[in-house]
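start.cif follows (mmCIF, C-alpha atoms):
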```
data_structure
#
loop_
_atom_site.label_atom_id
_atom_site.label_comp_id
_atom_site.auth_asym_id
_atom_site.auth_seq_id
_atom_site.Cartn_x
_atom_site.Cartn_y
_atom_site.Cartn_z
CA MET K 1 113.08 67.27 69.29
CA ASP K 2 111.05 70.12 70.78
CA GLU K 3 110.80 72.05 67.53
CA TYR K 4 108.61 69.28 66.17
CA LEU K 5 106.19 69.61 69.08
CA PRO K 6 105.04 73.21 68.81
CA THR K 7 102.46 72.86 71.58
CA LEU K 8 105.10 71.57 73.98
CA GLU K 9 107.47 74.29 72.85
CA ARG K 10 104.83 76.93 73.58
CA LEU K 11 104.24 75.56 77.08
CA ILE K 12 107.99 75.55 77.78
CA ASP K 13 108.19 79.15 76.54
CA GLN K 14 105.39 80.14 78.90
CA PHE K 15 107.26 78.74 81.88
CA ARG K 16 110.49 80.38 80.70
CA SER K 17 108.78 83.75 80.71
CA LEU K 18 108.44 83.48 84.50
CA PRO K 19 111.15 84.94 86.74
CA GLY K 20 114.02 82.63 87.67
CA ILE K 21 112.91 79.84 85.34
CA GLY K 22 115.54 78.81 82.79
CA ARG K 23 115.29 76.52 79.79
CA LYS K 24 116.03 73.32 81.72
CA THR K 25 113.59 74.06 84.52
CA ALA K 26 110.88 75.16 82.10
CA GLN K 27 111.29 71.88 80.25
CA ARG K 28 111.07 69.91 83.49
CA LEU K 29 107.91 71.72 84.56
CA ALA K 30 106.28 71.31 81.14
CA PHE K 31 107.04 67.59 81.13
CA ARG K 32 105.57 67.25 84.59
CA LEU K 33 102.40 68.97 83.42
CA LEU K 34 102.15 66.58 80.48
CA GLU K 35 102.12 63.71 82.98
CA TYR K 36 99.17 65.26 84.82
CA PRO K 37 95.77 63.70 84.31
CA GLU K 38 93.63 65.82 81.99
CA GLU K 39 91.54 67.10 84.88
CA LYS K 40 94.52 68.25 86.93
CA ALA K 41 96.05 70.08 83.97
CA ARG K 42 92.75 71.81 83.38
CA ALA K 43 92.61 72.83 87.07
CA PHE K 44 96.03 74.45 86.66
CA ALA K 45 94.91 76.40 83.60
CA ASP K 46 91.70 77.39 85.38
CA ALA K 47 93.62 78.61 88.43
CA ILE K 48 95.52 81.04 86.22
CA ILE K 49 92.36 82.39 84.61
CA GLU K 50 90.48 82.53 87.92
CA ALA K 51 93.24 84.37 89.74
CA LYS K 52 93.64 86.78 86.85
CA THR K 53 89.88 87.36 86.63
CA HIS K 54 89.06 87.71 90.31
CA ILE K 55 92.05 89.42 91.81
CA ARG K 56 92.31 93.17 91.45
CA GLU K 57 93.65 96.05 93.47
CA CYS K 58 91.80 97.42 96.50
CA GLU K 59 90.44 100.81 95.51
CA CYS K 60 91.68 102.34 98.74
CA CYS K 61 95.11 100.90 99.50
CA PHE K 62 95.95 98.98 96.28
CA ASN K 63 96.52 95.75 98.13
CA LEU K 64 95.36 92.69 96.19
CA SER K 65 91.69 91.98 96.70
CA GLU K 66 88.87 89.93 95.29
CA GLU K 67 86.45 92.74 96.07
CA GLN K 68 86.33 96.52 95.68
CA PHE K 69 88.05 97.01 99.03
CA CYS K 70 90.47 94.57 100.65
CA ARG K 71 89.70 92.88 103.93
CA ILE K 72 92.19 95.10 105.77
CA CYS K 73 90.58 98.36 104.64
CA LYS K 74 87.14 96.94 105.41
CA ASP K 75 88.10 95.73 108.89
CA PRO K 76 86.57 98.07 111.53
CA MET K 77 88.92 96.63 114.16
CA ARG K 78 92.02 97.97 112.40
CA GLU K 79 93.39 101.39 113.32
CA HIS K 80 92.33 103.56 110.41
CA GLU K 81 94.51 106.37 111.79
CA ILE K 82 97.77 104.71 110.76
CA VAL K 83 98.81 103.96 107.20
CA CYS K 84 101.89 101.90 106.46
CA VAL K 85 103.32 102.60 103.00
CA VAL K 86 104.97 99.61 101.34
CA GLU K 87 106.51 99.02 97.95
CA GLY K 88 104.60 95.87 97.11
CA VAL K 89 102.00 93.38 98.21
CA LYS K 90 104.66 90.88 99.29
CA ASP K 91 105.98 93.46 101.78
CA LEU K 92 102.46 93.92 103.11
CA MET K 93 102.14 90.18 103.50
CA SER K 94 105.43 90.02 105.40
CA LEU K 95 104.25 92.72 107.81
CA GLU K 96 100.90 91.00 108.28
CA LYS K 97 102.68 87.84 109.39
CA VAL K 98 104.03 89.75 112.41
CA ARG K 99 100.40 89.97 113.62
CA ASP K 100 101.29 93.05 115.62
CA TYR K 101 100.45 95.80 113.20
CA HIS K 102 96.82 96.84 113.29
CA GLY K 103 96.82 99.89 111.05
CA LEU K 104 96.11 100.10 107.33
CA TYR K 105 98.43 99.98 104.35
CA HIS K 106 99.15 101.79 101.14
CA VAL K 107 100.83 99.79 98.39
CA LEU K 108 102.92 101.92 96.03
CA HIS K 109 103.48 99.11 93.52
CA GLY K 110 107.11 100.03 93.05
CA VAL K 111 109.75 102.57 94.01
CA ILE K 112 111.06 105.66 92.31
CA SER K 113 113.97 104.48 90.21
CA PRO K 114 115.43 106.72 87.51
CA ARG K 115 117.63 103.80 86.44
CA ASP K 116 114.59 101.65 85.66
CA GLY K 117 112.61 104.62 84.35
CA VAL K 118 110.12 104.54 87.25
CA THR K 119 108.89 108.06 87.95
CA PRO K 120 106.61 109.10 90.85
CA ASP K 121 103.55 109.33 88.59
CA MET K 122 103.88 105.62 87.83
CA LEU K 123 103.35 104.75 91.50
CA ARG K 124 100.27 105.07 93.74
CA ILE K 125 101.64 108.27 95.24
CA ASP K 126 98.84 110.66 94.22
CA GLU K 127 96.38 108.21 95.73
CA LEU K 128 98.32 108.22 99.01
CA ILE K 129 98.32 112.01 99.19
CA ASN K 130 94.61 112.05 98.40
CA ARG K 131 93.95 109.59 101.21
CA VAL K 132 95.82 111.78 103.68
CA LYS K 133 94.33 115.11 102.61
CA ALA K 134 90.76 113.85 102.13
CA GLU K 135 88.22 115.87 104.12
CA ASP K 136 87.03 112.77 106.00
CA SER K 137 90.55 111.49 106.57
CA VAL K 138 91.31 110.17 110.07
CA ILE K 139 94.94 109.41 109.23
CA ASN K 140 97.38 110.86 111.76
CA GLU K 141 100.44 108.73 111.06
CA VAL K 142 102.12 107.48 107.91
CA ILE K 143 104.79 104.82 108.34
CA LEU K 144 107.18 104.83 105.42
CA ALA K 145 108.11 101.15 105.13
CA THR K 146 109.94 101.08 101.85
CA ASN K 147 112.94 98.79 101.63
CA PRO K 148 116.32 100.02 102.93
CA THR K 149 117.75 100.36 99.44
CA ILE K 150 118.74 103.53 97.59
CA GLU K 151 115.47 103.55 95.67
CA GLY K 152 113.42 102.78 98.77
CA GLU K 153 115.07 105.56 100.77
CA THR K 154 114.68 107.98 97.87
CA THR K 155 110.99 107.17 97.61
CA SER K 156 110.49 107.64 101.37
CA LEU K 157 112.33 110.94 101.25
CA TYR K 158 110.13 112.07 98.36
CA LEU K 159 106.98 110.98 100.18
CA SER K 160 108.00 112.64 103.43
CA LYS K 161 108.32 115.96 101.60
CA LEU K 162 104.94 115.56 99.96
CA LEU K 163 103.25 114.54 103.21
CA LYS K 164 104.79 117.21 105.42
CA PRO K 165 102.18 119.95 104.63
CA TYR K 166 99.37 117.77 105.94
CA GLY K 167 100.68 117.67 109.51
CA VAL K 168 100.57 113.91 109.92
CA ARG K 169 103.23 112.10 111.91
CA ILE K 170 105.69 110.60 109.47
CA THR K 171 107.66 107.62 110.76
CA ARG K 172 109.71 104.87 109.33
CA LEU K 173 110.64 101.37 110.39
CA ALA K 174 113.60 101.18 112.76
CA TYR K 175 116.80 99.97 111.33
CA GLY K 176 117.12 96.40 112.25
CA ILE K 177 116.17 95.32 108.81
CA PRO K 178 119.46 94.22 107.21
CA VAL K 179 120.59 97.11 105.02
CA GLY K 180 120.45 96.20 101.36
CA GLY K 181 118.04 93.38 102.12
CA GLY K 182 114.34 93.21 101.49
CA LEU K 183 111.29 93.11 103.74
CA GLU K 184 110.08 90.01 102.03
CA TYR K 185 113.04 87.97 103.28
CA THR K 186 113.24 89.40 106.78
CA ASP K 187 112.29 87.10 109.63
CA GLU K 188 109.27 87.99 111.71
CA ASN K 189 111.17 88.87 114.89
CA THR K 190 113.34 91.38 113.11
CA LEU K 191 110.27 92.84 111.44
CA LEU K 192 108.56 93.08 114.83
CA ARG K 193 111.53 94.97 116.29
CA ALA K 194 111.67 97.27 113.31
CA LEU K 195 107.97 97.98 113.73
CA LYS K 196 108.14 98.62 117.49
CA GLY K 197 111.21 100.84 117.22
CA ARG K 198 109.95 102.99 114.39
CA THR K 199 111.28 106.56 114.52
CA GLU K 200 110.25 110.00 113.33
CA PHE K 201 111.15 110.54 109.70
CA ASP K 202 114.02 113.03 109.76
CA LEU K 203 115.29 114.56 106.55
CA ASN K 204 118.78 114.94 108.05
CA ASP K 205 118.86 111.26 108.74
CA ILE K 206 119.21 110.13 105.13
CA MET R 12 97.06 87.54 103.76
CA ASP R 13 96.86 84.72 101.23
CA GLU R 14 94.10 82.92 103.03
CA TYR R 15 91.79 85.79 102.20
CA LEU R 16 92.51 85.46 98.50
CA PRO R 17 91.41 81.91 97.73
CA THR R 18 91.97 82.29 93.98
CA LEU R 19 95.55 83.43 94.55
CA GLU R 20 96.06 80.64 97.04
CA ARG R 21 94.85 78.10 94.49
CA LEU R 22 97.26 79.41 91.87
CA ILE R 23 100.15 79.24 94.34
CA ASP R 24 99.17 75.66 95.21
CA GLN R 25 99.21 74.73 91.54
CA PHE R 26 102.75 76.00 91.16
CA ARG R 27 103.79 74.24 94.36
CA SER R 28 102.58 70.94 92.94
CA LEU R 29 105.32 71.15 90.31
CA PRO R 30 108.71 69.52 90.99
CA GLY R 31 111.32 71.70 92.70
CA ILE R 32 108.94 74.58 93.35
CA GLY R 33 108.64 75.55 97.01
CA ARG R 34 106.26 77.94 98.74
CA LYS R 35 108.35 81.06 98.18
CA THR R 36 108.98 80.36 94.50
CA ALA R 37 105.34 79.42 93.88
CA GLN R 38 104.31 82.73 95.42
CA ARG R 39 106.77 84.63 93.26
CA LEU R 40 105.55 82.92 90.09
CA ALA R 41 101.88 83.48 90.98
CA PHE R 42 102.51 87.16 91.64
CA ARG R 43 104.31 87.48 88.32
CA LEU R 44 101.33 85.92 86.55
CA LEU R 45 98.99 88.38 88.25
CA GLU R 46 101.03 91.18 86.70
CA TYR R 47 100.53 89.72 83.23
CA PRO R 48 98.07 91.43 80.94
CA GLU R 49 94.83 89.45 80.71
CA GLU R 50 95.71 88.20 77.24
CA LYS R 51 99.13 86.90 78.24
CA ALA R 52 97.73 85.06 81.27
CA ARG R 53 95.13 83.47 79.03
CA ALA R 54 97.85 82.39 76.59
CA PHE R 55 99.61 80.65 79.48
CA ALA R 56 96.46 78.80 80.48
CA ASP R 57 95.79 77.90 76.86
CA ALA R 58 99.32 76.57 76.41
CA ILE R 59 98.70 74.11 79.23
CA ILE R 60 95.41 72.90 77.75
CA GLU R 61 96.79 72.77 74.19
CA ALA R 62 99.87 70.80 75.17
CA LYS R 63 97.78 68.42 77.23
CA THR R 64 95.25 67.97 74.43
CA HIS R 65 97.56 67.61 71.46
CA ILE R 66 100.55 65.74 72.80
CA ARG R 67 100.32 61.98 73.09
CA GLU R 68 102.65 59.02 72.78
CA CYS R 69 103.80 57.74 69.38
CA GLU R 70 102.08 54.40 68.83
CA CYS R 71 105.33 52.81 67.72
CA CYS R 72 108.13 54.09 69.97
CA PHE R 73 106.20 55.98 72.70
CA ASN R 74 108.08 59.19 72.11
CA LEU R 75 105.93 62.30 72.52
CA SER R 76 104.06 63.18 69.36
CA GLU R 77 101.26 65.35 68.10
CA GLU R 78 100.27 62.65 65.64
CA GLN R 79 99.78 58.87 65.66
CA PHE R 80 103.46 58.29 64.90
CA CYS R 81 106.31 60.61 65.84
CA ARG R 82 108.45 62.33 63.24
CA ILE R 83 111.38 59.98 63.96
CA CYS R 84 109.37 56.81 63.32
CA LYS R 85 107.88 58.39 60.18
CA ASP R 86 111.23 59.55 58.80
CA PRO R 87 112.27 57.28 55.89
CA MET R 88 115.84 58.62 56.12
CA ARG R 89 116.37 57.13 59.60
CA GLU R 90 117.84 53.65 59.97
CA HIS R 91 114.86 51.54 60.89
CA GLU R 92 117.20 48.62 61.62
CA ILE R 93 118.48 50.13 64.87
CA VAL R 94 116.36 50.86 67.94
CA CYS R 95 117.75 52.78 70.87
CA VAL R 96 115.93 52.00 74.12
CA VAL R 97 115.73 54.93 76.54
CA GLU R 98 114.07 55.45 79.90
CA GLY R 99 112.30 58.68 79.03
CA VAL R 100 111.61 61.29 76.41
CA LYS R 101 114.19 63.65 77.91
CA ASP R 102 116.89 61.02 77.29
CA LEU R 103 115.72 60.72 73.70
CA MET R 104 115.93 64.48 73.34
CA SER R 105 119.47 64.49 74.74
CA LEU R 106 120.56 61.84 72.22
CA GLU R 107 118.89 63.70 69.36
CA LYS R 108 120.94 66.77 70.17
CA VAL R 109 124.08 64.81 69.27
CA ARG R 110 122.76 64.73 65.68
CA ASP R 111 124.82 61.62 65.00
CA TYR R 112 122.31 58.89 65.75
CA HIS R 113 120.08 58.05 62.83
CA GLY R 114 118.23 54.99 64.12
CA LEU R 115 114.87 54.83 65.87
CA TYR R 116 113.99 54.85 69.55
CA HIS R 117 111.89 53.01 72.05
CA VAL R 118 110.85 54.93 75.15
CA LEU R 119 110.25 52.70 78.18
CA HIS R 120 108.72 55.48 80.28
CA GLY R 121 110.59 54.41 83.39
CA VAL R 122 112.92 51.72 84.73
CA ILE R 123 112.32 48.57 86.70
CA SER R 124 112.52 49.62 90.35
CA PRO R 125 111.27 47.30 93.08
CA ARG R 126 111.88 50.12 95.59
CA ASP R 127 109.45 52.39 93.77
CA GLY R 128 107.12 49.52 92.94
CA VAL R 129 107.81 49.74 89.20
CA THR R 130 107.51 46.28 87.67
CA PRO R 131 108.32 45.36 84.03
CA ASP R 132 104.64 45.24 83.06
CA MET R 133 104.35 48.94 83.92
CA LEU R 134 106.90 49.85 81.24
CA ARG R 135 106.71 49.68 77.43
CA ILE R 136 108.67 46.41 77.43
CA ASP R 137 106.07 44.16 75.82
CA GLU R 138 105.77 46.70 73.05
CA LEU R 139 109.55 46.62 72.50
CA ILE R 140 109.59 42.82 72.25
CA ASN R 141 106.65 42.96 69.85
CA ARG R 142 108.49 45.46 67.66
CA VAL R 143 111.54 43.18 67.51
CA LYS R 144 109.69 39.94 66.91
CA ALA R 145 107.12 41.31 64.46
CA GLU R 146 107.04 39.43 61.17
CA ASP R 147 107.86 42.55 59.16
CA SER R 148 110.54 43.72 61.61
CA VAL R 149 113.77 44.99 60.07
CA ILE R 150 115.43 45.58 63.44
CA ASN R 151 118.87 44.03 63.71
CA GLU R 152 120.29 46.00 66.63
CA VAL R 153 118.89 47.18 69.94
CA ILE R 154 120.95 49.74 71.85
CA LEU R 155 120.16 49.61 75.55
CA ALA R 156 120.61 53.23 76.57
CA THR R 157 119.19 53.23 80.07
CA ASN R 158 120.97 55.39 82.61
CA PRO R 159 124.04 53.98 84.39
CA THR R 160 122.19 53.58 87.68
CA ILE R 161 121.30 50.37 89.49
CA GLU R 162 117.74 50.50 88.14
CA GLY R 163 118.92 51.37 84.64
CA GLU R 164 121.44 48.51 84.58
CA THR R 165 118.86 46.10 85.98
CA THR R 166 116.38 47.10 83.31
CA SER R 167 118.98 46.65 80.56
CA LEU R 168 119.95 43.25 81.94
CA TYR R 169 116.29 42.24 81.99
CA LEU R 170 115.77 43.47 78.43
CA SER R 171 118.90 41.75 77.15
CA LYS R 172 117.59 38.42 78.42
CA LEU R 173 114.20 38.98 76.83
CA LEU R 174 115.72 40.09 73.51
CA LYS R 175 118.36 37.35 73.21
CA PRO R 176 116.05 34.73 71.61
CA TYR R 177 115.37 37.05 68.68
CA GLY R 178 118.96 37.08 67.48
CA VAL R 179 119.31 40.85 67.25
CA ARG R 180 122.58 42.53 68.13
CA ILE R 181 122.24 43.91 71.65
CA THR R 182 124.55 46.80 72.48
CA ARG R 183 124.78 49.47 75.09
CA LEU R 184 126.31 52.91 75.28
CA ALA R 185 129.99 52.97 76.12
CA TYR R 186 130.92 54.06 79.59
CA GLY R 187 131.92 57.61 79.36
CA ILE R 188 128.66 58.73 80.81
CA PRO R 189 129.50 59.63 84.41
CA VAL R 190 128.42 56.68 86.53
CA GLY R 191 125.50 57.59 88.76
CA GLY R 192 124.68 60.54 86.51
CA GLY R 193 121.89 60.88 84.01
CA LEU R 194 121.77 61.13 80.22
CA GLU R 195 119.76 64.28 80.50
CA TYR R 196 122.63 66.16 82.09
CA THR R 197 125.45 64.75 79.99
CA ASP R 198 127.13 67.08 77.54
CA GLU R 199 126.85 66.33 73.86
CA ASN R 200 130.49 65.39 73.30
CA THR R 201 130.39 62.78 76.04
CA LEU R 202 127.13 61.46 74.64
CA LEU R 203 128.68 61.29 71.17
CA ARG R 204 131.64 59.29 72.50
CA ALA R 205 129.34 56.97 74.41
CA LEU R 206 127.33 56.42 71.23
CA LYS R 207 130.36 55.78 69.01
CA GLY R 208 132.02 53.42 71.50
CA ARG R 209 128.94 51.33 72.20
CA THR R 210 129.81 47.69 73.05
CA GLU R 211 128.15 44.27 72.87
CA PHE R 212 125.88 43.68 75.81
CA ASP R 213 127.68 41.10 77.96
CA LEU R 214 125.91 39.54 80.92
CA ASN R 215 129.27 39.03 82.68
CA ASP R 216 129.92 42.72 82.43
CA ILE R 217 127.36 43.81 84.99
#
```
Output the structure of this file as structure tokens.
Amino acid sequence: MDEYLPTLERLIDQFRSLPGIGRKTAQRLAFRLLEYPEEKARAFADAIIEAKTHIRECECCFNLSEEQFCRICKDPMREHEIVCVVEGVKDLMSLEKVRDYHGLYHVLHGVISPRDGVTPDMLRIDELINRVKAEDSVINEVILATNPTIEGETTSLYLSKLLKPYGVRITRLAYGIPVGGGLEYTDENTLLRALKGRTEFDLNDI
Amino acid sequence: MDEYLPTLERLIDQFRSLPGIGRKTAQRLAFRLLEYPEEKARAFADAIIEAKTHIRECECCFNLSEEQFCRICKDPMREHEIVCVVEGVKDLMSLEKVRDYHGLYHVLHGVISPRDGVTPDMLRIDELINRVKAEDSVINEVILATNPTIEGETTSLYLSKLLKPYGVRITRLAYGIPVGGGLEYTDENTLLRALKGRTEFDLNDI
């Protein structure tokens, strides 16, 4: 049937292109959208365009932002001496939910992964180093909060070596995060403990 | 974090309004869309608008169509003497996949359900009766292919009573469809058997 409704087919394909959405689900979602009143469907389409148009990366920490700098970087109440390095924005959001971390962030937008062809130059690593070594930098601690996976550990190891010359304290989240798991799915209490018990980054420890 | 990104929040809300999409999934989908190149995001938004604008109901059988009449109703090779009554377009699509039914359809767009406040006048029932009793009607068989649920059976019973005066053969799909299940999720072989073994609609049978 679908092949005779190219517009429906295109909408289904759009949903299928999203992660974790198979043929059956995409069809269900497309059908639901068809049942929407015109106005509601238009609001959905607008939301996509609006989000895409207005959301960009903070020029300092690469968190998502609707302005040049994100609200965390702009907040004078945050401790600008501490920078927590995370793989992605979702990790940042998980840490923010703890409401106990008052430093800044640096979002790498990925991890070093030879298997997936991700090399250091594809991440926001240069920008992190530049933040730390900048003449007006007040940063005295970098928390390496990559995920406890092989790629995450590798990335932290790499960063720790790069950061060492600048004499900042390099720490990482305490184990307590389930090994092999992700920050995004860690409950807030565990994240809080991992944050409180953070330790010096030790090369011999990996 | 989200609450500081109203455009992102709106996009997440849009995804959440779809069936079976929870907070976490909606967030994941919204983030994926943010990673899209501008052009691809726009294509997604356009697909929603296009589908909504171009797809309407066939004026004869109420199947989805991009024109006044759907390609099944317009097809001179189909048997215009047989009309298969289904609850929804997805059921029609499931039956079409069998590729062994060559009659027409009539999509009710729901079932009679006092619990959900769906009364016969809210379905395309009048239109079905009008098709059967029309002066130029060639219909000699109506297959009642509602789902084997209480509401589906009730609707078929109701239709069979309404259709009786017009002297058409009233049949229904053979059991073979798992009772309590739905047409949409039935495999094609089972559907084929149910179609081949269709029986006379007997009031004593329900």
Distance filter 9 Å, all atoms listed in the file, chain R against chain K, as a compact mmCIF listing (two decimals) with C-alpha atoms, in the coordinates of the input:
```txt
# COMPACT_ATOMS: atom_id res chain seq x y z
CA MET R 12 97.06 87.54 103.76
CA ASP R 13 96.86 84.72 101.23
CA TYR R 15 91.79 85.79 102.20
CA LEU R 16 92.51 85.46 98.50
CA PRO R 17 91.41 81.91 97.73
CA THR R 18 91.97 82.29 93.98
CA LEU R 19 95.55 83.43 94.55
CA GLU R 20 96.06 80.64 97.04
CA ARG R 21 94.85 78.10 94.49
CA LEU R 22 97.26 79.41 91.87
CA ILE R 23 100.15 79.24 94.34
CA GLN R 25 99.21 74.73 91.54
CA PHE R 26 102.75 76.00 91.16
CA LEU R 29 105.32 71.15 90.31
CA PRO R 30 108.71 69.52 90.99
CA GLY R 31 111.32 71.70 92.70
CA THR R 36 108.98 80.36 94.50
CA ARG R 39 106.77 84.63 93.26
CA LEU R 40 105.55 82.92 90.09
CA ALA R 41 101.88 83.48 90.98
CA PHE R 42 102.51 87.16 91.64
CA ARG R 43 104.31 87.48 88.32
CA LEU R 44 101.33 85.92 86.55
CA LEU R 45 98.99 88.38 88.25
CA GLU R 46 101.03 91.18 86.70
CA TYR R 47 100.53 89.72 83.23
CA PRO R 48 98.07 91.43 80.94
CA GLU R 49 94.83 89.45 80.71
CA ALA R 52 97.73 85.06 81.27
CA ARG R 53 95.13 83.47 79.03
CA ALA R 54 97.85 82.39 76.59
CA PHE R 55 99.61 80.65 79.48
CA ALA R 56 96.46 78.80 80.48
CA ASP R 57 95.79 77.90 76.86
CA ALA R 58 99.32 76.57 76.41
CA ILE R 59 98.70 74.11 79.23
CA ILE R 60 95.41 72.90 77.75
CA GLU R 61 96.79 72.77 74.19
CA ALA R 62 99.87 70.80 75.17
CA LYS R 63 97.78 68.42 77.23
CA THR R 64 95.25 67.97 74.43
CA HIS R 65 97.56 67.61 71.46
CA ILE R 66 100.55 65.74 72.80
CA ARG R 67 100.32 61.98 73.09
CA LEU R 75 105.93 62.30 72.52
CA SER R 76 104.06 63.18 69.36
CA GLU R 77 101.26 65.35 68.10
CA CYS R 81 106.31 60.61 65.84
CA ARG R 82 108.45 62.33 63.24
CA LYS R 101 114.19 63.65 77.91
CA LEU R 103 115.72 60.72 73.70
CA MET R 104 115.93 64.48 73.34
CA SER R 105 119.47 64.49 74.74
CA GLU R 107 118.89 63.70 69.36
CA LYS R 108 120.94 66.77 70.17
```
Written as a JSON list (two decimals) with C-alpha atoms, keeping the file's coordinate frame, which residues does the PyMOL selection byres ((chain K and resi 156) around 9) give for the file shown?
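Output saved as result_38.json:
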```json
[["chain", "number", "residue", "atom", "x", "y", "z"],
["K", 85, "VAL", "CA", 103.32, 102.60, 103.00],
["K", 111, "VAL", "CA", 109.75, 102.57, 94.01],
["K", 144, "LEU", "CA", 107.18, 104.83, 105.42],
["K", 145, "ALA", "CA", 108.11, 101.15, 105.13],
["K", 146, "THR", "CA", 109.94, 101.08, 101.85],
["K", 151, "GLU", "CA", 115.47, 103.55, 95.67],
["K", 152, "GLY", "CA", 113.42, 102.78, 98.77],
["K", 153, "GLU", "CA", 115.07, 105.56, 100.77],
["K", 154, "THR", "CA", 114.68, 107.98, 97.87],
["K", 155, "THR", "CA", 110.99, 107.17, 97.61],
["K", 157, "LEU", "CA", 112.33, 110.94, 101.25],
["K", 158, "TYR", "CA", 110.13, 112.07, 98.36],
["K", 159, "LEU", "CA", 106.98, 110.98, 100.18],
["K", 160, "SER", "CA", 108.00, 112.64, 103.43],
["K", 161, "LYS", "CA", 108.32, 115.96, 101.60],
["K", 172, "ARG", "CA", 109.71, 104.87, 109.33],
["K", 201, "PHE", "CA", 111.15, 110.54, 109.70]]
```
### Task
Would you mind reading off the distance between atom CA of R:Ile150 and atom CA of R:Pro131, one decimal, in Å?
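Separating atom CA of R:Ile150 from atom CA of R:Pro131 is a distance of 21.8 Å.
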### Message
I need every residue sitting at most 8 Å from the point (108.3, 83.2, 111.5) (coordinates as in the file, all atoms listed in the file considered), written as a count of residues only.
### Response
5
### Message
Running the PyMOL selection byres ((chain R and resi 85) around 12) on this model by hand, what would come out? Give it as a ChimeraX atom specification.
### Response
/R:69-72,74,76,78-84,86-91,114-116
### Message
Suppose a student applies the PyMOL selection byres ((chain R and resi 148) around 12) to this structure; what residues should they get, written as a ChimeraX atom specification?
### Response
/R:91-94,139-147,149-152,177,179
### Point-to-point distance in Å for atom CA of K:Arg16 and atom CA of R:Gly33
17.1 Å
